[in-house]
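First up is the structure itself, then whatever we jot down about it.
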Amino acid sequence: METKLLKRNIQVFLAIASCLLVILFTSVSTMGQDSPSSLKVATEPTFPPFEMQDQGTGELTGFDIQLMKAIGEAAELNIEFITLPFDGIIPALQSNTVDAAISGMTITAERAQTVSFSRPYFKAGLAIAVQDNNTNIQSFADLEGKRIAVQIGTTGAQEASTIEGATVSSFDSASLALQELINGKVDAVVNDGPVTLYAIKEAGLQGVKVVGELVTEEYYGIALPKDSPYLDDINNALGLLIQNGGYREVYQTWFAGEPPELPLVPPSLETAQVISFDWGKLFANLLQGSTITLLLTALAFTFGLIGGTAVAIALISPYKPLRLICRIYVDFFRGTPMLVQLFMIYFGLPGLFRELGLDFSFDRFPAAVLALSLNSAAYLAEIMRGGIESIDKGQWEASQSLGMSPLQTMQDVIFPQALRRMLPPLGNEFITLVKDTSLVAVIGFEELFRQGQLMVATTYRSFEIYLAVALMYLVLTTLSSFGFKWLEARMNPLQRRKAA
Ligand code: GLN
């Protein structure tokens, strides 16, 4: 009977596995087929009015998108947009994963050492955004010692890093940095002027203003891999559009007035800079990141254990409403992505409180610990419930007949045995948590992964740096698994006796 069932299970498993393989192969082969003549153009679509998703159709739109399409038409190239995080664009160009990128990217001397740029297609510059009621920040000089939010890997981030005594937090998008300002967690955002102005004027961003003049003069360019065969085609098409009014038309769809004159070579490329790569600094930064990763894991695991134990006990308690509430909690936190929970807590809760007329905001440390703890408590609760329920019912009865109270039974008989069974899954959960802490990078937390991203954003050595980051995680998880193995051995009465 049992072998029949096993056979049947194996058959089902094989059927599912072959279906998955077929799907995988067909998608890989269709991916390979996509028209060879199409130019894969990367963009980071949270940078309105340059690139964004149309609210209605969900399609990409914006100045850059339209301009690139017009360039594609003029150069007879079929454009296929690929969305990527901004700090992933240059690494993608370096590895030839994409053929070009249009993403409000400033032509800088550092970037020009690793990628090629087209002639400038837009004149922009950095601007400082502050809360409406802020009167003490008027210019760049006033940012000294202030808290500043930036988008990772941007010229704004670069500029902010030169300000003395300032605490800079980096976010994955300009809009998240602005959200941080609205929530009052930073004093200013240093970001591309046209983007901040558009967010205020067109997208109805409230409570924020731009102060002073543009801090820098920057030119955007289309980036391509070094020695790209498409560079001339793109430059010629862009030149043609500037001459025949096509450029002006696209410009006026998004901005008022006449487009400014654009130079053939931006001033930033007139002085070349050398990027030096410092292994010692990389190691020091990664070590610092690892400390934060470990601290986050340890705190979240401890709170998770406390919360998880309470929830597990509630789940096996005889009180139905309590069981129901805890079940909903567990299902919610296990059934929704950790990233969404983090965003809800960090960005969402302060907004909700503000709407309720309460002034409340979270620091990122408690927010990260809270989100990680709530999430791991849900998993840990299930591990503990399973462990406790796996102990034979007879043991309860035996303890009770010896006159032990339910609490005593749990504490002295059931839990010690259950704990031994729970250790391997607890170890798994700990290791998962070590890796999940990398998610808090999105709220500007400089843990291990973010430290790596920050280094890549200024040195563009993605392979070496991410490999070093991966190895660091491996060291942390291997050490944790040794720790749990040791605990398991210690809790095994047979091994303990042998050792004695
Ligand atoms: N212009 C800025 C830069 O190149 C920001 C670009 C962006 O965030 N898309 O760094």
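Every chain in the structure tokens takes a letter, A first, then B, and so on in the order presented; its residues are numbered from 1, and the ligands are numbered from 1 following the presented order.
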
Within-9 Å residues of ligand 1, basis only C-alpha atoms and all ligand atoms, as a ChimeraX atom specification
/A:43-47,50-51,85-87,102-108,124-126,151-158,172-174,191-192,195,218-221

Any chance you could export the current selection's N, CA, C and O atoms as a compact mmCIF listing (two decimals), in the first residue's frame?
# COMPACT_ATOMS: atom_id res chain seq x y z
N THR A 43 16.74 51.08 -18.37
CA THR A 43 16.27 52.31 -17.75
C THR A 43 15.75 52.00 -16.36
O THR A 43 15.34 50.87 -16.10
N GLU A 44 15.79 53.01 -15.49
CA GLU A 44 15.26 52.81 -14.13
C GLU A 44 14.00 53.66 -14.03
O GLU A 44 14.08 54.89 -13.97
N PRO A 45 12.82 53.04 -14.07
CA PRO A 45 11.61 53.80 -14.37
C PRO A 45 10.94 54.50 -13.18
O PRO A 45 9.73 54.64 -13.18
N THR A 46 11.72 54.95 -12.20
CA THR A 46 11.06 55.73 -11.15
C THR A 46 11.70 57.11 -11.11
O THR A 46 12.02 57.64 -10.05
N PHE A 47 11.88 57.69 -12.29
CA PHE A 47 12.59 58.97 -12.38
C PHE A 47 11.80 59.94 -13.26
O PHE A 47 12.29 60.38 -14.30
N PHE A 50 11.54 61.79 -16.64
CA PHE A 50 12.41 61.19 -17.64
C PHE A 50 12.00 59.76 -17.98
O PHE A 50 11.93 59.39 -19.14
N GLU A 51 11.77 58.98 -16.93
CA GLU A 51 11.28 57.61 -17.18
C GLU A 51 10.35 57.22 -16.05
O GLU A 51 10.66 57.44 -14.88
N PRO A 85 17.57 48.48 -11.68
CA PRO A 85 17.85 49.52 -10.69
C PRO A 85 18.97 50.42 -11.21
O PRO A 85 19.83 49.94 -11.95
N PHE A 86 18.95 51.70 -10.80
CA PHE A 86 19.93 52.63 -11.36
C PHE A 86 21.36 52.16 -11.14
O PHE A 86 22.19 52.22 -12.05
N ASP A 87 21.65 51.67 -9.92
CA ASP A 87 23.04 51.28 -9.66
C ASP A 87 23.41 49.97 -10.34
O ASP A 87 24.55 49.53 -10.25
N ILE A 102 19.32 54.55 -21.13
CA ILE A 102 18.90 55.95 -21.07
C ILE A 102 18.15 56.07 -19.76
O ILE A 102 17.13 55.43 -19.54
N SER A 103 18.70 56.84 -18.81
CA SER A 103 18.11 56.84 -17.49
C SER A 103 18.48 58.10 -16.71
O SER A 103 18.85 58.04 -15.56
N GLY A 104 18.39 59.22 -17.40
CA GLY A 104 18.76 60.48 -16.75
C GLY A 104 20.17 60.41 -16.23
O GLY A 104 20.49 61.00 -15.20
N MET A 105 21.02 59.69 -16.95
CA MET A 105 22.36 59.45 -16.42
C MET A 105 23.32 60.57 -16.79
O MET A 105 23.52 60.88 -17.97
N THR A 106 23.89 61.17 -15.76
CA THR A 106 24.83 62.26 -15.97
C THR A 106 26.13 61.74 -16.54
O THR A 106 26.63 60.70 -16.09
N ILE A 107 26.66 62.47 -17.52
CA ILE A 107 27.95 62.09 -18.08
C ILE A 107 29.02 62.57 -17.10
O ILE A 107 29.17 63.76 -16.87
N THR A 108 29.71 61.62 -16.48
CA THR A 108 30.79 62.02 -15.56
C THR A 108 32.10 61.37 -16.03
O THR A 108 32.07 60.35 -16.72
N ALA A 124 20.87 69.32 -17.06
CA ALA A 124 20.21 69.27 -15.75
C ALA A 124 21.18 69.75 -14.68
O ALA A 124 22.20 70.38 -15.00
N GLY A 125 20.91 69.45 -13.46
CA GLY A 125 21.79 69.83 -12.36
C GLY A 125 21.16 69.39 -11.07
O GLY A 125 19.96 69.09 -11.02
N LEU A 126 21.96 69.33 -10.02
CA LEU A 126 21.43 68.88 -8.74
C LEU A 126 20.70 70.02 -8.03
O LEU A 126 21.07 71.18 -8.17
N GLN A 151 19.72 59.10 -3.75
CA GLN A 151 19.51 57.84 -4.45
C GLN A 151 20.87 57.21 -4.68
O GLN A 151 21.82 57.89 -5.11
N ILE A 152 20.96 55.91 -4.42
CA ILE A 152 22.27 55.23 -4.48
C ILE A 152 22.88 55.30 -5.89
O ILE A 152 22.17 55.18 -6.89
N GLY A 153 24.18 55.55 -5.90
CA GLY A 153 24.91 55.51 -7.17
C GLY A 153 24.71 56.72 -8.06
O GLY A 153 25.11 56.70 -9.21
N THR A 154 24.11 57.79 -7.54
CA THR A 154 23.85 58.96 -8.39
C THR A 154 24.87 60.06 -8.12
O THR A 154 25.62 60.02 -7.15
N THR A 155 24.84 61.06 -8.99
CA THR A 155 25.71 62.21 -8.78
C THR A 155 25.31 62.94 -7.49
O THR A 155 26.15 63.53 -6.83
N GLY A 156 24.03 62.87 -7.15
CA GLY A 156 23.57 63.47 -5.89
C GLY A 156 24.24 62.80 -4.70
O GLY A 156 24.67 63.46 -3.75
N ALA A 157 24.35 61.47 -4.76
CA ALA A 157 24.98 60.72 -3.68
C ALA A 157 26.46 61.10 -3.60
O ALA A 157 27.02 61.29 -2.52
N GLN A 158 27.07 61.22 -4.77
CA GLN A 158 28.49 61.57 -4.85
C GLN A 158 28.72 62.95 -4.22
O GLN A 158 29.60 63.14 -3.40
N ASP A 172 17.03 53.27 -3.00
CA ASP A 172 17.08 52.72 -4.36
C ASP A 172 16.47 53.65 -5.40
O ASP A 172 16.72 53.50 -6.58
N SER A 173 15.60 54.57 -4.98
CA SER A 173 15.03 55.47 -5.97
C SER A 173 14.92 56.87 -5.40
O SER A 173 14.91 57.05 -4.17
N ALA A 174 14.80 57.83 -6.32
CA ALA A 174 14.68 59.23 -5.90
C ALA A 174 13.39 59.42 -5.10
O ALA A 174 13.34 60.18 -4.13
N ASN A 191 19.25 65.78 -5.18
CA ASN A 191 18.79 64.98 -6.31
C ASN A 191 18.69 65.88 -7.54
O ASN A 191 18.71 67.10 -7.42
N ASP A 192 18.50 65.26 -8.71
CA ASP A 192 18.39 66.05 -9.93
C ASP A 192 17.23 67.04 -9.85
O ASP A 192 16.08 66.63 -9.58
N VAL A 195 13.76 66.56 -11.65
CA VAL A 195 12.96 65.46 -11.11
C VAL A 195 12.21 65.91 -9.85
O VAL A 195 11.01 65.66 -9.69
N GLU A 218 24.89 69.66 -15.03
CA GLU A 218 25.18 68.30 -15.51
C GLU A 218 24.53 68.06 -16.86
O GLU A 218 23.51 68.67 -17.16
N TYR A 219 25.10 67.17 -17.61
CA TYR A 219 24.49 66.79 -18.89
C TYR A 219 24.21 65.30 -18.89
O TYR A 219 25.07 64.51 -18.49
N TYR A 220 23.02 64.95 -19.33
CA TYR A 220 22.68 63.54 -19.43
C TYR A 220 23.15 62.99 -20.77
O TYR A 220 23.10 63.70 -21.79
N GLY A 221 23.57 61.73 -20.75
CA GLY A 221 23.95 61.08 -22.00
C GLY A 221 23.41 59.67 -22.04
O GLY A 221 23.04 59.10 -21.00

Measuring atom to atom with only C-alpha atoms, identify which of A:Glu447, A:Asp99, A:Glu389, A:Glu59 is nearest to Pro225 in chain A.
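Ranked by minimum distance to Pro225 in chain A, first place goes to A:Asp99.
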
Determine the nearest neighbour of Asn375 in chain A from the options A:Ile443, A:Ala300, A:Asp392, A:Leu419, counting only C-alpha atoms.
A:Ala300

For Gly304 in chain A, list every protein, DNA or RNA residue within 6 Å, evaluated using only C-alpha atoms, and leave out those in the same chain fewer than 6 positions away; present the list as a VMD selection string.
chain A and resid 373 376 to 377

List the spatial neighbours of Leu231 in chain A as a list in words - criterion: any atom at most 10 Å away, only C-alpha atoms, same-chain residues fewer than 6 positions off excluded.
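What passes the distance filter is Ala100, Ser116, Phe117, Ser118, Arg119, Ile222, Ala223, Leu224 and Pro225 of chain A.
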
Atoms to include: all heavy atoms. Write the selected residues as a short mmCIF file (atom, residue, chain, number, x, y, z; two decimals), in the first residue's frame.
data_model
loop_
_atom_site.label_atom_id
_atom_site.label_comp_id
_atom_site.auth_asym_id
_atom_site.auth_seq_id
_atom_site.Cartn_x
_atom_site.Cartn_y
_atom_site.Cartn_z
N ALA A 100 22.48 49.45 -24.35
CA ALA A 100 22.54 50.89 -24.11
C ALA A 100 21.70 51.19 -22.88
O ALA A 100 20.99 50.31 -22.38
CB ALA A 100 21.98 51.65 -25.31
N SER A 116 30.81 54.09 -22.57
CA SER A 116 30.87 55.21 -23.51
C SER A 116 29.59 56.02 -23.39
O SER A 116 28.53 55.45 -23.08
CB SER A 116 30.96 54.70 -24.94
OG SER A 116 32.11 53.96 -25.11
N PHE A 117 29.67 57.30 -23.64
CA PHE A 117 28.47 58.14 -23.62
C PHE A 117 28.21 58.74 -25.00
O PHE A 117 29.15 59.07 -25.73
CB PHE A 117 28.64 59.29 -22.62
CG PHE A 117 28.37 58.88 -21.20
CD1 PHE A 117 29.41 58.70 -20.30
CD2 PHE A 117 27.07 58.67 -20.76
CE1 PHE A 117 29.17 58.32 -18.99
CE2 PHE A 117 26.81 58.29 -19.45
CZ PHE A 117 27.87 58.11 -18.56
N SER A 118 26.93 58.89 -25.29
CA SER A 118 26.55 59.61 -26.51
C SER A 118 26.82 61.09 -26.27
O SER A 118 27.19 61.48 -25.16
CB SER A 118 25.07 59.43 -26.77
OG SER A 118 24.33 60.12 -25.75
N ARG A 119 26.57 61.92 -27.24
CA ARG A 119 26.63 63.37 -27.01
C ARG A 119 25.52 63.73 -26.03
O ARG A 119 24.51 63.00 -25.94
CB ARG A 119 26.50 64.13 -28.32
CG ARG A 119 25.23 63.80 -29.09
CD ARG A 119 25.18 64.52 -30.40
NE ARG A 119 24.82 65.93 -30.18
CZ ARG A 119 24.72 66.82 -31.15
NH1 ARG A 119 24.93 66.45 -32.41
NH2 ARG A 119 24.40 68.07 -30.90
N ILE A 222 23.34 59.12 -23.25
CA ILE A 222 22.93 57.71 -23.38
C ILE A 222 24.22 56.91 -23.19
O ILE A 222 25.25 57.22 -23.82
CB ILE A 222 22.33 57.45 -24.77
CG1 ILE A 222 21.05 58.29 -24.93
CG2 ILE A 222 22.04 55.96 -24.97
CD1 ILE A 222 20.51 58.33 -26.34
N ALA A 223 24.18 55.94 -22.29
CA ALA A 223 25.40 55.18 -22.01
C ALA A 223 25.41 53.89 -22.82
O ALA A 223 24.37 53.27 -23.02
CB ALA A 223 25.48 54.87 -20.53
N LEU A 224 26.59 53.51 -23.27
CA LEU A 224 26.74 52.28 -24.05
C LEU A 224 27.99 51.54 -23.57
O LEU A 224 28.87 52.17 -22.98
CB LEU A 224 26.93 52.61 -25.54
CG LEU A 224 25.78 53.38 -26.19
CD1 LEU A 224 26.22 54.76 -26.59
CD2 LEU A 224 25.25 52.62 -27.37
N PRO A 225 28.05 50.24 -23.83
CA PRO A 225 29.28 49.54 -23.46
C PRO A 225 30.46 50.16 -24.21
O PRO A 225 30.27 50.72 -25.30
CB PRO A 225 29.05 48.11 -23.93
CG PRO A 225 27.58 47.98 -24.10
CD PRO A 225 27.07 49.33 -24.44
#

Go through A:Ala42, A:Gly348, A:Leu339, A:Glu382 and flag the residue nearest Leu84 in chain A, using only C-alpha atoms for the distances.
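Checking each candidate against Leu84 in chain A, we get A:Ala42 as the closest.
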
DSSP on the backbone, then: every residue of range 28-125 of chain A marked strand (DSSP E or B), written as an NGL selection string.
:A and (38-43 or 47 or 51-53 or 60-61 or 78-83 or 100-101 or 106 or 115-117 or 122-124)

Write out as a PyMOL selection string each polymer residue whose atoms come within 12 Å of Asp331 in chain A, counting only C-alpha atoms; drop sequence neighbours fewer than 6 positions from it.
chain A and resi 324-325+337+374-375+377-379+381-382
